[in-house]
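entry.cif follows (mmCIF, C-alpha atoms):
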data_start
loop_
_atom_site.label_atom_id
_atom_site.label_comp_id
_atom_site.auth_asym_id
_atom_site.auth_seq_id
_atom_site.Cartn_x
_atom_site.Cartn_y
_atom_site.Cartn_z
CA GLY A 1101 3.53 -5.29 -5.73
CA PHE A 1102 4.79 -8.50 -7.19
CA PHE A 1103 8.08 -7.17 -8.54
CA GLY A 1104 8.97 -5.47 -5.26
CA LYS A 1105 8.46 -8.71 -3.37
CA PHE A 1106 10.32 -10.66 -6.04
CA PHE A 1107 13.40 -8.43 -5.81
CA ILE A 1108 13.37 -8.49 -2.01
CA PHE A 1109 13.15 -12.28 -1.99
CA TYR A 1110 15.84 -12.52 -4.66
CA ALA A 1111 18.22 -10.33 -2.64
CA ALA A 1112 17.41 -12.18 0.58
CA ILE A 1113 18.09 -15.54 -1.05
CA ALA A 1114 21.35 -14.21 -2.51
CA GLN A 1115 22.41 -13.11 1.00
CA ARG A 1116 21.22 -16.41 2.52
CA GLN A 1117 18.64 -14.70 4.73
CA THR A 1118 16.49 -17.81 5.14
CA VAL A 1119 14.49 -16.47 8.08
CA LEU A 1120 13.59 -13.33 6.12
CA VAL A 1121 12.49 -15.37 3.10
CA VAL A 1122 10.36 -17.72 5.22
CA ALA A 1123 8.75 -14.78 7.06
CA GLY A 1124 8.11 -13.06 3.73
CA VAL A 1125 6.53 -16.12 2.16
CA VAL A 1126 4.27 -16.61 5.19
CA THR A 1127 3.11 -12.99 5.13
CA VAL A 1128 2.54 -13.09 1.36
CA ALA A 1129 0.46 -16.25 1.79
CA CYS A 1130 -1.63 -14.57 4.51
CA GLY A 1131 -2.18 -11.54 2.30
CA PHE A 1132 -3.08 -13.72 -0.67
CA TYR A 1133 -5.63 -15.59 1.45
CA TYR A 1134 -7.14 -12.30 2.60
CA TYR A 1135 -7.39 -10.94 -0.96
CA LEU A 1136 -9.00 -14.15 -2.17
CA LYS A 1137 -11.64 -13.83 0.57
CA VAL A 1138 -12.46 -10.34 -0.68
CA VAL A 1139 -12.70 -11.52 -4.30
CA ARG A 1140 -14.89 -14.44 -3.26
CA ALA A 1141 -17.21 -12.12 -1.36
CA MET A 1142 -17.41 -9.77 -4.34
CA TYR A 1143 -18.08 -12.30 -7.08
CA TRP A 1144 -19.30 -15.61 -5.68
CA GLN A 1145 -21.45 -14.84 -2.67
CA ALA A 1146 -25.02 -13.70 -2.96
CA PRO A 1147 -25.41 -10.01 -2.19
CA THR A 1148 -27.03 -9.12 1.08
CA ASP A 1149 -29.66 -6.46 1.45
CA ALA A 1150 -27.55 -3.50 2.42
CA ASP A 1151 -29.05 -0.22 3.45
CA LYS A 1152 -27.36 2.99 2.47
CA ILE A 1153 -25.08 4.38 5.13
CA PRO A 1154 -25.94 7.95 6.00
CA VAL A 1155 -23.02 10.33 5.53
CA ASN A 1156 -23.20 13.78 7.06
CA ALA A 1157 -22.00 16.98 5.40
CA LEU A 1158 -18.72 17.13 7.34
CA SER A 1159 -17.79 13.59 6.25
CA ARG A 1160 -18.67 14.39 2.63
CA ALA A 1161 -16.55 17.55 2.71
CA THR A 1162 -13.62 15.70 4.29
CA MET A 1163 -13.79 12.85 1.77
CA SER A 1164 -14.08 15.31 -1.11
CA ALA A 1165 -11.05 17.27 0.09
CA LEU A 1166 -8.99 14.08 0.46
CA ILE A 1167 -10.01 12.85 -2.99
CA VAL A 1168 -9.05 16.18 -4.57
CA ALA A 1169 -5.73 16.20 -2.66
CA THR A 1170 -4.94 12.65 -3.75
CA ILE A 1171 -5.64 13.40 -7.40
CA TRP A 1172 -3.77 16.73 -7.23
CA LEU A 1173 -0.67 15.18 -5.64
CA GLY A 1174 -0.78 12.34 -8.15
CA ILE A 1175 -0.72 14.81 -11.03
CA TYR A 1176 1.48 17.51 -9.48
CA PRO A 1177 3.78 15.95 -6.80
CA TRP A 1178 6.75 18.30 -7.22
CA PRO A 1179 6.05 20.65 -4.28
CA ILE A 1180 6.06 17.73 -1.86
CA LEU A 1181 9.06 16.07 -3.51
CA GLU A 1182 11.06 19.31 -3.38
CA ALA A 1183 10.12 19.83 0.26
CA VAL A 1184 11.42 16.39 1.31
CA GLU A 1185 14.54 16.39 -0.90
CA PRO A 1186 17.02 17.50 1.81
CA GLN A 1187 15.71 14.87 4.22
CA ARG A 1188 15.79 12.19 1.53
CA GLU A 1189 19.47 12.84 0.90
CA ARG A 1190 20.22 12.76 4.63
CA VAL A 1191 18.40 9.44 5.07
CA ALA A 1192 20.13 7.99 2.00
CA LEU A 1193 23.55 8.98 3.33
CA ARG A 1194 22.77 7.56 6.76
CA SER A 1195 21.58 4.24 5.32
CA THR A 1196 24.76 3.72 3.26
CA ARG A 1197 27.17 3.89 6.21
#
As a first step, turn the structure in this file into structure tokens.
Amino acid sequence: GFFGKFFIFYAAIAQRQTVLVVAGVVTVACGFYYYLKVVRAMYWQAPTDADKIPVNALSRATMSALIVATIWLGIYPWPILEAVEPQRERVALRSTR
């Protein structure tokens, strides 16, 4: 999001990482352009006649399972967080060397 990019740019500027800042600004501008194209298509262009896309039973079941898993892990993430805790500590120790 915005704050993540802001803090990365702030740290990069503080460390005089000009190339990183320029690359970041270019990629943010490209992303902003892409998002504006989506918003323009949603709100300012006339809708086209779109037919419904047929979805078979297997696709419906797969999408339903993924939706339920996403909601479940958003509400109850502790089993996953506890499972990755040892690896998280190892990665954190390795990155601070």
- Item | d(CA of Gly1124 (chain A), CA of Phe1103 (chain A)) in Å |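 If I compute the distance from CA of Gly1124 (chain A) to CA of Phe1103 (chain A), I get 13.6 Å.
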- Query: How many Å lie between CA of Ile1108 (chain A) and CA of Val1125 (chain A), rounded to one decimal?
  - Reply: 11.1 Å
- CA of Ala1165 (chain A) to CA of Ile1180 (chain A), distance in Å rounded to a single decimal: 17.2 Å
